[in-house]
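Source file my_file-v9.pdb; content: PDB, C-alpha atoms and all ligand atoms.
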ATOM      1  CA  MET A   1     -23.248  -5.736   4.321  1.00  0.00           C
ATOM      2  CA  ALA A   2     -21.082  -8.633   5.354  1.00  0.00           C
ATOM      3  CA  THR A   3     -20.478 -10.145   8.782  1.00  0.00           C
ATOM      4  CA  LEU A   4     -17.055 -10.101  10.468  1.00  0.00           C
ATOM      5  CA  GLY A   5     -14.973 -13.127  11.358  1.00  0.00           C
ATOM      6  CA  VAL A   6     -11.946 -12.150  13.423  1.00  0.00           C
ATOM      7  CA  ASN A   7      -8.818 -14.251  13.003  1.00  0.00           C
ATOM      8  CA  ILE A   8      -6.914 -14.341  16.313  1.00  0.00           C
ATOM      9  CA  ASP A   9      -3.852 -16.323  15.118  1.00  0.00           C
ATOM     10  CA  HIS A  10      -1.454 -13.496  15.724  1.00  0.00           C
ATOM     11  CA  VAL A  11      -2.344 -13.161  19.390  1.00  0.00           C
ATOM     12  CA  ALA A  12      -0.911 -16.667  19.596  1.00  0.00           C
ATOM     13  CA  THR A  13       2.090 -15.601  17.467  1.00  0.00           C
ATOM     14  CA  LEU A  14       3.082 -13.150  20.228  1.00  0.00           C
ATOM     15  CA  ARG A  15       2.725 -15.855  22.877  1.00  0.00           C
ATOM     16  CA  GLN A  16       4.700 -18.460  20.921  1.00  0.00           C
ATOM     17  CA  GLN A  17       7.487 -15.948  20.267  1.00  0.00           C
ATOM     18  CA  ARG A  18       8.468 -16.100  23.972  1.00  0.00           C
ATOM     19  CA  GLY A  19       6.921 -19.419  25.016  1.00  0.00           C
ATOM     20  CA  THR A  20       4.903 -17.596  27.710  1.00  0.00           C
ATOM     21  CA  LYS A  21       1.327 -18.288  28.758  1.00  0.00           C
ATOM     22  CA  TYR A  22       0.285 -14.779  27.627  1.00  0.00           C
ATOM     23  CA  PRO A  23      -1.283 -13.279  25.604  1.00  0.00           C
ATOM     24  CA  ASP A  24      -3.853 -16.066  25.669  1.00  0.00           C
ATOM     25  CA  PRO A  25      -5.976 -16.279  22.480  1.00  0.00           C
ATOM     26  CA  ILE A  26      -8.860 -17.459  24.666  1.00  0.00           C
ATOM     27  CA  ASP A  27      -8.865 -14.102  26.498  1.00  0.00           C
ATOM     28  CA  ALA A  28      -8.631 -12.381  23.122  1.00  0.00           C
ATOM     29  CA  ALA A  29     -11.533 -14.392  21.739  1.00  0.00           C
ATOM     30  CA  ILE A  30     -13.781 -13.351  24.625  1.00  0.00           C
ATOM     31  CA  LEU A  31     -12.933  -9.667  24.045  1.00  0.00           C
ATOM     32  CA  VAL A  32     -13.501 -10.075  20.308  1.00  0.00           C
ATOM     33  CA  GLN A  33     -16.839 -11.783  20.905  1.00  0.00           C
ATOM     34  CA  ASN A  34     -17.935  -9.086  23.363  1.00  0.00           C
ATOM     35  CA  ALA A  35     -16.911  -6.396  20.874  1.00  0.00           C
ATOM     36  CA  GLY A  36     -19.463  -7.711  18.387  1.00  0.00           C
ATOM     37  CA  ALA A  37     -17.551 -10.050  16.071  1.00  0.00           C
ATOM     38  CA  ASP A  38     -19.769 -12.576  14.308  1.00  0.00           C
ATOM     39  CA  GLN A  39     -17.268 -15.413  14.214  1.00  0.00           C
ATOM     40  CA  ILE A  40     -13.804 -16.412  15.440  1.00  0.00           C
ATOM     41  CA  THR A  41     -11.360 -17.834  12.904  1.00  0.00           C
ATOM     42  CA  VAL A  42      -8.176 -19.714  13.751  1.00  0.00           C
ATOM     43  CA  HIS A  43      -5.677 -21.450  11.510  1.00  0.00           C
ATOM     44  CA  LEU A  44      -4.165 -24.556  13.144  1.00  0.00           C
ATOM     45  CA  ARG A  45      -0.952 -24.857  11.144  1.00  0.00           C
ATOM     46  CA  GLU A  46       0.885 -28.142  10.822  1.00  0.00           C
ATOM     47  CA  ASP A  47       3.991 -26.541  12.368  1.00  0.00           C
ATOM     48  CA  ARG A  48       1.926 -25.060  15.257  1.00  0.00           C
ATOM     49  CA  ARG A  49       3.669 -21.708  14.836  1.00  0.00           C
ATOM     50  CA  HIS A  50       0.813 -19.812  16.469  1.00  0.00           C
ATOM     51  CA  ILE A  51      -2.500 -21.491  17.364  1.00  0.00           C
ATOM     52  CA  GLN A  52      -2.152 -24.728  19.405  1.00  0.00           C
ATOM     53  CA  ASP A  53      -4.498 -27.727  19.680  1.00  0.00           C
ATOM     54  CA  ARG A  54      -5.358 -26.639  23.232  1.00  0.00           C
ATOM     55  CA  ASP A  55      -6.516 -23.235  21.970  1.00  0.00           C
ATOM     56  CA  VAL A  56      -8.960 -24.764  19.488  1.00  0.00           C
ATOM     57  CA  LYS A  57     -10.347 -27.199  22.085  1.00  0.00           C
ATOM     58  CA  LEU A  58     -10.979 -24.400  24.599  1.00  0.00           C
ATOM     59  CA  LEU A  59     -12.418 -22.052  21.990  1.00  0.00           C
ATOM     60  CA  LYS A  60     -14.972 -24.656  20.970  1.00  0.00           C
ATOM     61  CA  GLN A  61     -16.014 -25.050  24.608  1.00  0.00           C
ATOM     62  CA  ILE A  62     -16.351 -21.375  25.548  1.00  0.00           C
ATOM     63  CA  LEU A  63     -17.408 -19.454  22.440  1.00  0.00           C
ATOM     64  CA  GLN A  64     -20.982 -18.333  21.957  1.00  0.00           C
ATOM     65  CA  ILE A  65     -20.292 -17.283  18.362  1.00  0.00           C
ATOM     66  CA  PRO A  66     -19.292 -19.747  15.620  1.00  0.00           C
ATOM     67  CA  LEU A  67     -15.750 -21.101  15.359  1.00  0.00           C
ATOM     68  CA  ASN A  68     -14.254 -21.348  11.866  1.00  0.00           C
ATOM     69  CA  LEU A  69     -11.281 -23.729  11.883  1.00  0.00           C
ATOM     70  CA  GLU A  70      -8.786 -23.316   9.036  1.00  0.00           C
ATOM     71  CA  ILE A  71      -6.742 -26.449   8.341  1.00  0.00           C
ATOM     72  CA  GLY A  72      -4.659 -28.062   5.643  1.00  0.00           C
ATOM     73  CA  ASN A  73      -6.084 -31.129   3.924  1.00  0.00           C
ATOM     74  CA  THR A  74      -4.215 -33.756   5.955  1.00  0.00           C
ATOM     75  CA  LYS A  75      -5.408 -36.801   7.890  1.00  0.00           C
ATOM     76  CA  GLU A  76      -4.106 -35.382  11.171  1.00  0.00           C
ATOM     77  CA  MET A  77      -6.129 -32.190  10.725  1.00  0.00           C
ATOM     78  CA  ILE A  78      -9.280 -33.917   9.495  1.00  0.00           C
ATOM     79  CA  ASP A  79      -9.230 -36.270  12.518  1.00  0.00           C
ATOM     80  CA  PHE A  80      -8.711 -33.269  14.800  1.00  0.00           C
ATOM     81  CA  ALA A  81     -11.628 -31.389  13.234  1.00  0.00           C
ATOM     82  CA  LEU A  82     -13.879 -34.422  13.602  1.00  0.00           C
ATOM     83  CA  THR A  83     -13.006 -34.562  17.305  1.00  0.00           C
ATOM     84  CA  ILE A  84     -13.409 -30.834  17.999  1.00  0.00           C
ATOM     85  CA  ARG A  85     -16.440 -30.298  15.746  1.00  0.00           C
ATOM     86  CA  PRO A  86     -16.009 -26.583  14.908  1.00  0.00           C
ATOM     87  CA  ASN A  87     -19.000 -24.784  13.373  1.00  0.00           C
ATOM     88  CA  MET A  88     -17.239 -24.856  10.021  1.00  0.00           C
ATOM     89  CA  VAL A  89     -13.930 -25.879   8.496  1.00  0.00           C
ATOM     90  CA  THR A  90     -12.062 -23.871   5.873  1.00  0.00           C
ATOM     91  CA  LEU A  91      -9.613 -26.011   3.917  1.00  0.00           C
ATOM     92  CA  VAL A  92      -6.521 -23.970   3.068  1.00  0.00           C
ATOM     93  CA  PRO A  93      -3.236 -24.675   1.264  1.00  0.00           C
ATOM     94  CA  GLU A  94      -0.208 -24.792   3.525  1.00  0.00           C
ATOM     95  CA  LYS A  95       3.540 -24.673   3.045  1.00  0.00           C
ATOM     96  CA  ARG A  96       5.891 -24.888   6.012  1.00  0.00           C
ATOM     97  CA  GLU A  97       8.324 -22.373   4.555  1.00  0.00           C
ATOM     98  CA  GLU A  98       5.691 -19.710   3.706  1.00  0.00           C
ATOM     99  CA  ARG A  99       5.309 -16.657   5.931  1.00  0.00           C
ATOM    100  CA  THR A 100       1.553 -16.596   5.337  1.00  0.00           C
ATOM    101  CA  THR A 101      -0.955 -18.308   3.021  1.00  0.00           C
ATOM    102  CA  GLU A 102       0.257 -17.268  -0.419  1.00  0.00           C
ATOM    103  CA  GLY A 103      -2.654 -18.287  -2.623  1.00  0.00           C
ATOM    104  CA  GLY A 104      -5.773 -20.412  -2.945  1.00  0.00           C
ATOM    105  CA  LEU A 105      -5.991 -24.208  -2.979  1.00  0.00           C
ATOM    106  CA  ASN A 106      -4.784 -26.055  -6.074  1.00  0.00           C
ATOM    107  CA  LEU A 107      -8.191 -27.557  -6.842  1.00  0.00           C
ATOM    108  CA  ASN A 108      -7.127 -29.404 -10.002  1.00  0.00           C
ATOM    109  CA  GLN A 109      -4.278 -31.214  -8.342  1.00  0.00           C
ATOM    110  CA  GLY A 110      -6.134 -31.869  -5.090  1.00  0.00           C
ATOM    111  CA  PHE A 111      -9.559 -32.526  -6.592  1.00  0.00           C
ATOM    112  CA  ASP A 112     -10.172 -36.143  -5.464  1.00  0.00           C
ATOM    113  CA  SER A 113      -8.680 -35.687  -2.046  1.00  0.00           C
ATOM    114  CA  LEU A 114     -10.530 -32.408  -1.398  1.00  0.00           C
ATOM    115  CA  LYS A 115     -13.787 -33.977  -2.558  1.00  0.00           C
ATOM    116  CA  ASN A 116     -13.266 -36.895  -0.207  1.00  0.00           C
ATOM    117  CA  THR A 117     -12.374 -34.660   2.766  1.00  0.00           C
ATOM    118  CA  THR A 118     -15.313 -32.346   2.081  1.00  0.00           C
ATOM    119  CA  LYS A 119     -17.680 -35.318   2.028  1.00  0.00           C
ATOM    120  CA  ILE A 120     -16.300 -36.773   5.265  1.00  0.00           C
ATOM    121  CA  LEU A 121     -16.599 -33.457   7.123  1.00  0.00           C
ATOM    122  CA  GLN A 122     -20.006 -32.506   5.716  1.00  0.00           C
ATOM    123  CA  ASP A 123     -21.409 -36.010   6.293  1.00  0.00           C
ATOM    124  CA  ASN A 124     -20.376 -35.452   9.908  1.00  0.00           C
ATOM    125  CA  GLY A 125     -22.299 -32.173  10.072  1.00  0.00           C
ATOM    126  CA  ILE A 126     -19.332 -29.809   9.621  1.00  0.00           C
ATOM    127  CA  PRO A 127     -19.889 -27.436   6.663  1.00  0.00           C
ATOM    128  CA  VAL A 128     -16.806 -26.900   4.498  1.00  0.00           C
ATOM    129  CA  SER A 129     -15.466 -23.760   2.858  1.00  0.00           C
ATOM    130  CA  LEU A 130     -12.622 -23.894   0.307  1.00  0.00           C
ATOM    131  CA  PHE A 131     -10.026 -21.095   0.344  1.00  0.00           C
ATOM    132  CA  VAL A 132      -9.671 -20.336  -3.358  1.00  0.00           C
ATOM    133  CA  GLU A 133      -8.333 -17.834  -5.861  1.00  0.00           C
ATOM    134  CA  PRO A 134     -11.098 -15.569  -7.195  1.00  0.00           C
ATOM    135  CA  ASN A 135     -11.346 -17.111 -10.654  1.00  0.00           C
ATOM    136  CA  LEU A 136     -14.222 -18.748 -12.498  1.00  0.00           C
ATOM    137  CA  GLU A 137     -12.533 -22.116 -12.971  1.00  0.00           C
ATOM    138  CA  ASP A 138     -11.870 -22.520  -9.255  1.00  0.00           C
ATOM    139  CA  ILE A 139     -15.441 -21.581  -8.411  1.00  0.00           C
ATOM    140  CA  GLU A 140     -16.755 -24.279 -10.725  1.00  0.00           C
ATOM    141  CA  LEU A 141     -14.332 -26.816  -9.276  1.00  0.00           C
ATOM    142  CA  SER A 142     -15.441 -25.851  -5.748  1.00  0.00           C
ATOM    143  CA  MET A 143     -19.024 -26.616  -6.698  1.00  0.00           C
ATOM    144  CA  LYS A 144     -17.945 -29.975  -8.208  1.00  0.00           C
ATOM    145  CA  ILE A 145     -16.015 -30.793  -5.038  1.00  0.00           C
ATOM    146  CA  GLY A 146     -19.288 -30.337  -3.156  1.00  0.00           C
ATOM    147  CA  ALA A 147     -18.316 -27.645  -0.645  1.00  0.00           C
ATOM    148  CA  LYS A 148     -21.090 -25.466   0.730  1.00  0.00           C
ATOM    149  CA  MET A 149     -18.892 -22.336   0.764  1.00  0.00           C
ATOM    150  CA  VAL A 150     -15.835 -20.676  -0.719  1.00  0.00           C
ATOM    151  CA  GLU A 151     -13.539 -18.063   0.793  1.00  0.00           C
ATOM    152  CA  LEU A 152     -12.025 -15.874  -1.911  1.00  0.00           C
ATOM    153  CA  HIS A 153      -8.343 -15.084  -1.324  1.00  0.00           C
ATOM    154  CA  THR A 154      -8.122 -11.277  -1.288  1.00  0.00           C
ATOM    155  CA  GLY A 155      -4.334 -11.172  -0.844  1.00  0.00           C
ATOM    156  CA  ARG A 156      -3.578  -9.924  -4.333  1.00  0.00           C
ATOM    157  CA  TYR A 157      -6.315  -7.268  -4.142  1.00  0.00           C
ATOM    158  CA  ALA A 158      -4.871  -6.111  -0.812  1.00  0.00           C
ATOM    159  CA  GLU A 159      -1.322  -5.879  -2.159  1.00  0.00           C
ATOM    160  CA  GLN A 160      -2.177  -3.787  -5.230  1.00  0.00           C
ATOM    161  CA  ASP A 161      -2.898  -0.098  -5.669  1.00  0.00           C
ATOM    162  CA  GLY A 162      -4.842   1.860  -8.289  1.00  0.00           C
ATOM    163  CA  ASN A 163      -5.822   0.098 -11.510  1.00  0.00           C
ATOM    164  CA  LEU A 164      -4.312  -3.215 -10.480  1.00  0.00           C
ATOM    165  CA  ALA A 165      -6.421  -3.265  -7.316  1.00  0.00           C
ATOM    166  CA  ASP A 166      -9.454  -2.385  -9.451  1.00  0.00           C
ATOM    167  CA  GLU A 167      -8.727  -5.355 -11.739  1.00  0.00           C
ATOM    168  CA  GLU A 168      -8.440  -7.682  -8.755  1.00  0.00           C
ATOM    169  CA  PHE A 169     -11.628  -6.242  -7.313  1.00  0.00           C
ATOM    170  CA  GLU A 170     -13.437  -7.024 -10.581  1.00  0.00           C
ATOM    171  CA  ARG A 171     -12.147 -10.611 -10.432  1.00  0.00           C
ATOM    172  CA  ILE A 172     -13.555 -10.936  -6.906  1.00  0.00           C
ATOM    173  CA  CYS A 173     -16.932  -9.522  -8.025  1.00  0.00           C
ATOM    174  CA  LYS A 174     -17.127 -11.936 -10.988  1.00  0.00           C
ATOM    175  CA  ALA A 175     -16.103 -14.907  -8.849  1.00  0.00           C
ATOM    176  CA  THR A 176     -18.765 -13.971  -6.287  1.00  0.00           C
ATOM    177  CA  LYS A 177     -21.486 -13.837  -8.959  1.00  0.00           C
ATOM    178  CA  GLN A 178     -20.396 -17.167 -10.399  1.00  0.00           C
ATOM    179  CA  ALA A 179     -20.381 -18.764  -6.952  1.00  0.00           C
ATOM    180  CA  HIS A 180     -23.922 -17.578  -6.302  1.00  0.00           C
ATOM    181  CA  LYS A 181     -25.035 -19.214  -9.573  1.00  0.00           C
ATOM    182  CA  PHE A 182     -23.807 -22.492  -8.082  1.00  0.00           C
ATOM    183  CA  ASP A 183     -25.495 -21.756  -4.714  1.00  0.00           C
ATOM    184  CA  LEU A 184     -22.154 -21.428  -2.964  1.00  0.00           C
ATOM    185  CA  ILE A 185     -21.969 -19.122   0.064  1.00  0.00           C
ATOM    186  CA  VAL A 186     -19.160 -16.606  -0.455  1.00  0.00           C
ATOM    187  CA  HIS A 187     -16.664 -15.359   2.115  1.00  0.00           C
ATOM    188  CA  SER A 188     -13.494 -13.332   1.588  1.00  0.00           C
ATOM    189  CA  GLY A 189     -10.261 -12.844   3.424  1.00  0.00           C
ATOM    190  CA  HIS A 190      -6.556 -12.296   3.604  1.00  0.00           C
ATOM    191  CA  GLY A 191      -4.698  -9.019   3.897  1.00  0.00           C
ATOM    192  CA  LEU A 192      -7.853  -6.970   4.425  1.00  0.00           C
ATOM    193  CA  HIS A 193      -7.407  -3.837   6.521  1.00  0.00           C
ATOM    194  CA  TYR A 194      -9.129  -0.629   7.599  1.00  0.00           C
ATOM    195  CA  ARG A 195      -8.920   1.001   4.171  1.00  0.00           C
ATOM    196  CA  ASN A 196      -9.552  -1.856   1.760  1.00  0.00           C
ATOM    197  CA  ALA A 197     -12.209  -3.974   3.508  1.00  0.00           C
ATOM    198  CA  LYS A 198     -15.282  -1.818   2.896  1.00  0.00           C
ATOM    199  CA  ARG A 199     -15.233  -2.253  -0.871  1.00  0.00           C
ATOM    200  CA  ILE A 200     -15.209  -6.032  -0.493  1.00  0.00           C
ATOM    201  CA  ALA A 201     -17.895  -5.992   2.214  1.00  0.00           C
ATOM    202  CA  LYS A 202     -20.198  -4.047  -0.135  1.00  0.00           C
ATOM    203  CA  ILE A 203     -20.123  -6.670  -2.895  1.00  0.00           C
ATOM    204  CA  GLU A 204     -23.652  -7.971  -3.289  1.00  0.00           C
ATOM    205  CA  GLY A 205     -24.095 -11.278  -1.510  1.00  0.00           C
ATOM    206  CA  MET A 206     -20.706 -11.194   0.222  1.00  0.00           C
ATOM    207  CA  CYS A 207     -21.413 -13.135   3.383  1.00  0.00           C
ATOM    208  CA  ASP A 208     -18.434 -12.870   5.718  1.00  0.00           C
ATOM    209  CA  LEU A 209     -15.001 -11.237   5.812  1.00  0.00           C
ATOM    210  CA  ASN A 210     -12.277 -12.967   7.824  1.00  0.00           C
ATOM    211  CA  ILE A 211      -9.759 -10.400   9.025  1.00  0.00           C
ATOM    212  CA  GLY A 212      -6.877 -10.993  11.401  1.00  0.00           C
ATOM    213  CA  HIS A 213      -3.460  -9.426  11.024  1.00  0.00           C
ATOM    214  CA  SER A 214      -4.626  -5.822  10.580  1.00  0.00           C
ATOM    215  CA  ILE A 215      -7.035  -5.965  13.533  1.00  0.00           C
ATOM    216  CA  ILE A 216      -4.469  -7.464  15.924  1.00  0.00           C
ATOM    217  CA  SER A 217      -1.874  -4.935  14.690  1.00  0.00           C
ATOM    218  CA  TYR A 218      -4.220  -1.995  15.254  1.00  0.00           C
ATOM    219  CA  ALA A 219      -5.169  -3.362  18.675  1.00  0.00           C
ATOM    220  CA  VAL A 220      -1.511  -3.187  19.717  1.00  0.00           C
ATOM    221  CA  LEU A 221      -1.457   0.512  18.893  1.00  0.00           C
ATOM    222  CA  VAL A 222      -4.807   1.532  20.375  1.00  0.00           C
ATOM    223  CA  GLY A 223      -4.114  -0.458  23.535  1.00  0.00           C
ATOM    224  CA  LEU A 224      -0.546   0.722  24.108  1.00  0.00           C
ATOM    225  CA  GLU A 225      -1.329   3.921  25.977  1.00  0.00           C
ATOM    226  CA  ARG A 226      -3.337   2.145  28.658  1.00  0.00           C
ATOM    227  CA  ALA A 227      -0.807  -0.668  28.905  1.00  0.00           C
ATOM    228  CA  VAL A 228       2.030   1.782  29.581  1.00  0.00           C
ATOM    229  CA  GLN A 229      -0.034   3.829  32.050  1.00  0.00           C
ATOM    230  CA  GLU A 230      -0.871   0.718  34.088  1.00  0.00           C
ATOM    231  CA  MET A 231       2.786  -0.411  34.200  1.00  0.00           C
ATOM    232  CA  LYS A 232       3.920   3.112  35.083  1.00  0.00           C
ATOM    233  CA  ALA A 233       1.488   3.082  38.024  1.00  0.00           C
ATOM    234  CA  ILE A 234       2.947  -0.220  39.203  1.00  0.00           C
ATOM    235  CA  VAL A 235       6.619   0.684  38.953  1.00  0.00           C
ATOM    236  CA  SER A 236       6.277   4.152  40.402  1.00  0.00           C
TER     237      SER A 236
HETATM  238  C1  LIG A 301      -5.855 -18.930   5.385  1.00  0.00           C
HETATM  239  C2  LIG A 301      -5.590 -17.520   5.639  1.00  0.00           C
HETATM  240  O1  LIG A 301      -5.541 -16.723   4.769  1.00  0.00           O
HETATM  241  C3  LIG A 301      -5.338 -17.013   7.007  1.00  0.00           C
HETATM  242  O2  LIG A 301      -5.882 -17.760   8.002  1.00  0.00           O
HETATM  243  C4  LIG A 301      -3.930 -16.925   7.266  1.00  0.00           C
HETATM  244  O3  LIG A 301      -3.373 -18.127   6.865  1.00  0.00           O
HETATM  245  C5  LIG A 301      -3.651 -16.594   8.713  1.00  0.00           C
HETATM  246  O4  LIG A 301      -2.667 -17.390   9.180  1.00  0.00           O
HETATM  247  P1  LIG A 301      -1.147 -17.093   8.803  1.00  0.00           P
HETATM  248  O5  LIG A 301      -0.877 -15.651   9.114  1.00  0.00           O
HETATM  249  O6  LIG A 301      -0.372 -18.069   9.602  1.00  0.00           O
HETATM  250  O7  LIG A 301      -0.979 -17.365   7.349  1.00  0.00           O
HETATM  251  N1  LIG A 302      -8.715 -16.406   5.883  1.00  0.00           N
HETATM  252  C1  LIG A 302      -8.171 -15.109   6.087  1.00  0.00           C
HETATM  253  C2  LIG A 302      -8.008 -14.844   7.537  1.00  0.00           C
HETATM  254  O1  LIG A 302      -8.480 -15.579   8.353  1.00  0.00           O
HETATM  255  C3  LIG A 302      -7.307 -13.627   7.984  1.00  0.00           C
HETATM  256  O2  LIG A 302      -6.234 -13.276   7.172  1.00  0.00           O
HETATM  257  P1  LIG A 302      -5.387 -11.985   7.584  1.00  0.00           P
HETATM  258  O3  LIG A 302      -6.331 -10.827   7.818  1.00  0.00           O
HETATM  259  O4  LIG A 302      -4.648 -12.321   8.859  1.00  0.00           O
HETATM  260  O5  LIG A 302      -4.477 -11.732   6.426  1.00  0.00           O
END
Now, as a test, write the supplied structure out as structure tokens.
Amino acid sequence: MATLGVNIDHVATLRQQRGTKYPDPIDAAILVQNAGADQITVHLREDRRHIQDRDVKLLKQILQIPLNLEIGNTKEMIDFALTIRPNMVTLVPEKREERTTEGGLNLNQGFDSLKNTTKILQDNGIPVSLFVEPNLEDIELSMKIGAKMVELHTGRYAEQDGNLADEEFERICKATKQAHKFDLIVHSGHGLHYRNAKRIAKIEGMCDLNIGHSIISYAVLVGLERAVQEMKAIVS
């Protein structure tokens, strides 16, 4: 079975929504670590809509489990990663206007630049994963770029039902097999939740699942009763 990386971006989304100091993703990361997560994942977006530079710096200092930093392939982000030195970097595509990451990297278009960035980071001891569509061409390109890992974008699998989800699942299985032939470590993520994650975790050789939005959403619900009871005790 796979290990679990918990993406805590959307704890920061709640904070940024009001410009408050709470909820602090650092507090969340400690709870997540104590609950048994194998890794913390954060996506430092160019527009800083959720996670902030300060969050990443503190996480690197306090975490006892690995920190996976997701960034776009820009000079600003590469310089930041080289300063912070996370345990790994996942290079992801980014569009300011998107609500969330819509697909994998365009490896054909970005080939030279991604190869260069991967080399810089890995030469500095930071292993690189490429966030890619689960297709055979992109797996081969990932190997040619020289990354040690890929993260297969499971968004389409998560959005589909029935036969269409089965077809996507097959694509993920084939991409995983192909990646193993090239000695790439395989992770998966995006849109995974309590009903669709198990099937992906059971794929042979699937290393890690990065899951964020569904876990933070569920945490709001399972924590609400206690939160209301504690406020009720204060106001009454
Ligand atoms: C790259 C990826 O799939 C996730 O990290 C996702 O991007 C979470 O961040 P957003 O919800 O801001 O897209
Ligand atoms: N790389 C995927 C990730 O970190 C979490 O994505 P999501 O579960 O928030 O959709």
Please write the residues picked by the PyMOL selection byres (((chain A and resi 63) around 12) and not hetatm) on this file as a PDB file with C-alpha atoms, keeping the file's coordinate frame.
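Result file is result_21.pdb:
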ATOM      1  CA  PRO A  25      -5.976 -16.279  22.480  1.00  0.00           C
ATOM      2  CA  ILE A  26      -8.860 -17.459  24.666  1.00  0.00           C
ATOM      3  CA  ASP A  27      -8.865 -14.102  26.498  1.00  0.00           C
ATOM      4  CA  ALA A  28      -8.631 -12.381  23.122  1.00  0.00           C
ATOM      5  CA  ALA A  29     -11.533 -14.392  21.739  1.00  0.00           C
ATOM      6  CA  ILE A  30     -13.781 -13.351  24.625  1.00  0.00           C
ATOM      7  CA  LEU A  31     -12.933  -9.667  24.045  1.00  0.00           C
ATOM      8  CA  VAL A  32     -13.501 -10.075  20.308  1.00  0.00           C
ATOM      9  CA  GLN A  33     -16.839 -11.783  20.905  1.00  0.00           C
ATOM     10  CA  ASN A  34     -17.935  -9.086  23.363  1.00  0.00           C
ATOM     11  CA  ALA A  37     -17.551 -10.050  16.071  1.00  0.00           C
ATOM     12  CA  ASP A  38     -19.769 -12.576  14.308  1.00  0.00           C
ATOM     13  CA  GLN A  39     -17.268 -15.413  14.214  1.00  0.00           C
ATOM     14  CA  ILE A  40     -13.804 -16.412  15.440  1.00  0.00           C
ATOM     15  CA  THR A  41     -11.360 -17.834  12.904  1.00  0.00           C
ATOM     16  CA  ASP A  55      -6.516 -23.235  21.970  1.00  0.00           C
ATOM     17  CA  VAL A  56      -8.960 -24.764  19.488  1.00  0.00           C
ATOM     18  CA  LYS A  57     -10.347 -27.199  22.085  1.00  0.00           C
ATOM     19  CA  LEU A  58     -10.979 -24.400  24.599  1.00  0.00           C
ATOM     20  CA  LEU A  59     -12.418 -22.052  21.990  1.00  0.00           C
ATOM     21  CA  LYS A  60     -14.972 -24.656  20.970  1.00  0.00           C
ATOM     22  CA  GLN A  61     -16.014 -25.050  24.608  1.00  0.00           C
ATOM     23  CA  ILE A  62     -16.351 -21.375  25.548  1.00  0.00           C
ATOM     24  CA  GLN A  64     -20.982 -18.333  21.957  1.00  0.00           C
ATOM     25  CA  ILE A  65     -20.292 -17.283  18.362  1.00  0.00           C
ATOM     26  CA  PRO A  66     -19.292 -19.747  15.620  1.00  0.00           C
ATOM     27  CA  LEU A  67     -15.750 -21.101  15.359  1.00  0.00           C
ATOM     28  CA  ASN A  68     -14.254 -21.348  11.866  1.00  0.00           C
ATOM     29  CA  PRO A  86     -16.009 -26.583  14.908  1.00  0.00           C
ATOM     30  CA  ASN A  87     -19.000 -24.784  13.373  1.00  0.00           C
TER      31      ASN A  87
END
Quick one: residues within 6 Å of ligand LIG 301 (chain A), with all atoms listed in the file, as a tab-separated table (two decimals) with C-alpha atoms, in the coordinates of the input?
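Result saved to pocket19.tsv:
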chain	number	residue	atom	x	y	z
A	43	HIS	CA	-5.68	-21.45	11.51
A	92	VAL	CA	-6.52	-23.97	3.07
A	100	THR	CA	1.55	-16.60	5.34
A	101	THR	CA	-0.96	-18.31	3.02
A	190	HIS	CA	-6.56	-12.30	3.60
Each residue of chain A lying at most 6 Å from ligand LIG 302 (chain A) should get a row with its shortest atom-to-atom pair and the distance in Å to one decimal, counting all atoms listed in the file; could you produce that, ordered by chain and increasing number, as a Markdown table?
| residue | atom | partner | partner_atom | distance |
| --- | --- | --- | --- | --- |
| A:Asn7 | CA | A:LIG302 | O1 | 4.8 |
| A:Thr41 | CA | A:LIG302 | O1 | 5.8 |
| A:Gly189 | CA | A:LIG302 | C1 | 4.1 |
| A:His190 | CA | A:LIG302 | O5 | 3.6 |
| A:Gly191 | CA | A:LIG302 | O5 | 3.7 |
| A:Leu192 | CA | A:LIG302 | O3 | 5.4 |
| A:Asn210 | CA | A:LIG302 | O1 | 4.6 |
| A:Ile211 | CA | A:LIG302 | O3 | 3.7 |
| A:Gly212 | CA | A:LIG302 | O3 | 3.6 |
| A:His213 | CA | A:LIG302 | O4 | 3.8 |
| A:Ser214 | CA | A:LIG302 | O3 | 6.0 |
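Taken over the whole file, the PyMOL selection byres (((chain A and resi 127) around 9) and not hetatm) covers exactly Asn87, Met88, Val89, Thr90, Thr118, Leu121, Gln122, Asp123, Asn124, Gly125, Ile126, Val128, Ser129, Ala147, Lys148 and Met149 of chain A.
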Mind checking which residues fall within 8 Å of A:His153, counting all atoms listed in the file, ignoring those fewer than 5 positions away in the same chain, and posting them as a list of chain:residue names?
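My reading of the contact set: A:Gly103, A:Gly104, A:Phe131, A:Val132, A:Glu133, A:Pro134, A:Ser188, A:Gly189, A:His190.
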Specify as a list in words each residue included when the PyMOL selection byres (((chain A and resi 73) around 9) and not hetatm) is applied to this file.
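That expression, the PyMOL selection byres (((chain A and resi 73) around 9) and not hetatm), corresponds here to Ile71, Gly72, Thr74, Lys75, Glu76, Met77, Ile78, Leu91, Val92, Pro93, Glu94, Ser113, Leu114 and Thr117 of chain A.
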Point-to-point distance from atom CA of A:Leu152 to atom CA of A:Ala12, Å rounded to tenths:
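Atom CA of A:Ala12 lies at a distance of 24.2 Å from atom CA of A:Leu152.
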Kindly list the centre and edge lengths in Å, rounded to one decimal, for the axis-aligned box that covers all listed atoms of stretch 113-127 of chain A plus 3 Å on each of its six sides, as JSON.
{"center_x": -15.5, "center_y": -32.2, "center_z": 3.8, "size_x": 19.6, "size_y": 15.5, "size_z": 18.6}
Pick from A:Arg54, A:His193, A:Ile8, A:Thr20 nearest to A:Glu159, counting only C-alpha atoms
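Ranked by minimum distance to A:Glu159, first place goes to A:His193.
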Report the closest atom pair, with its distance in Å rounded to one decimal, for each residue of stretch 196-219 of chain A that has an atom no farther than 9 Å from stretch 171-178 of chain A; count all atoms listed in the file, sort by chain and then rising residue number, and write it as JSON lines.
{"residue": "A:Ile200", "atom": "CA", "partner": "A:Ile172", "partner_atom": "CA", "distance": 8.2}
{"residue": "A:Ile203", "atom": "CA", "partner": "A:Cys173", "partner_atom": "CA", "distance": 6.7}
{"residue": "A:Glu204", "atom": "CA", "partner": "A:Thr176", "partner_atom": "CA", "distance": 8.3}
{"residue": "A:Gly205", "atom": "CA", "partner": "A:Thr176", "partner_atom": "CA", "distance": 7.6}
{"residue": "A:Met206", "atom": "CA", "partner": "A:Thr176", "partner_atom": "CA", "distance": 7.3}
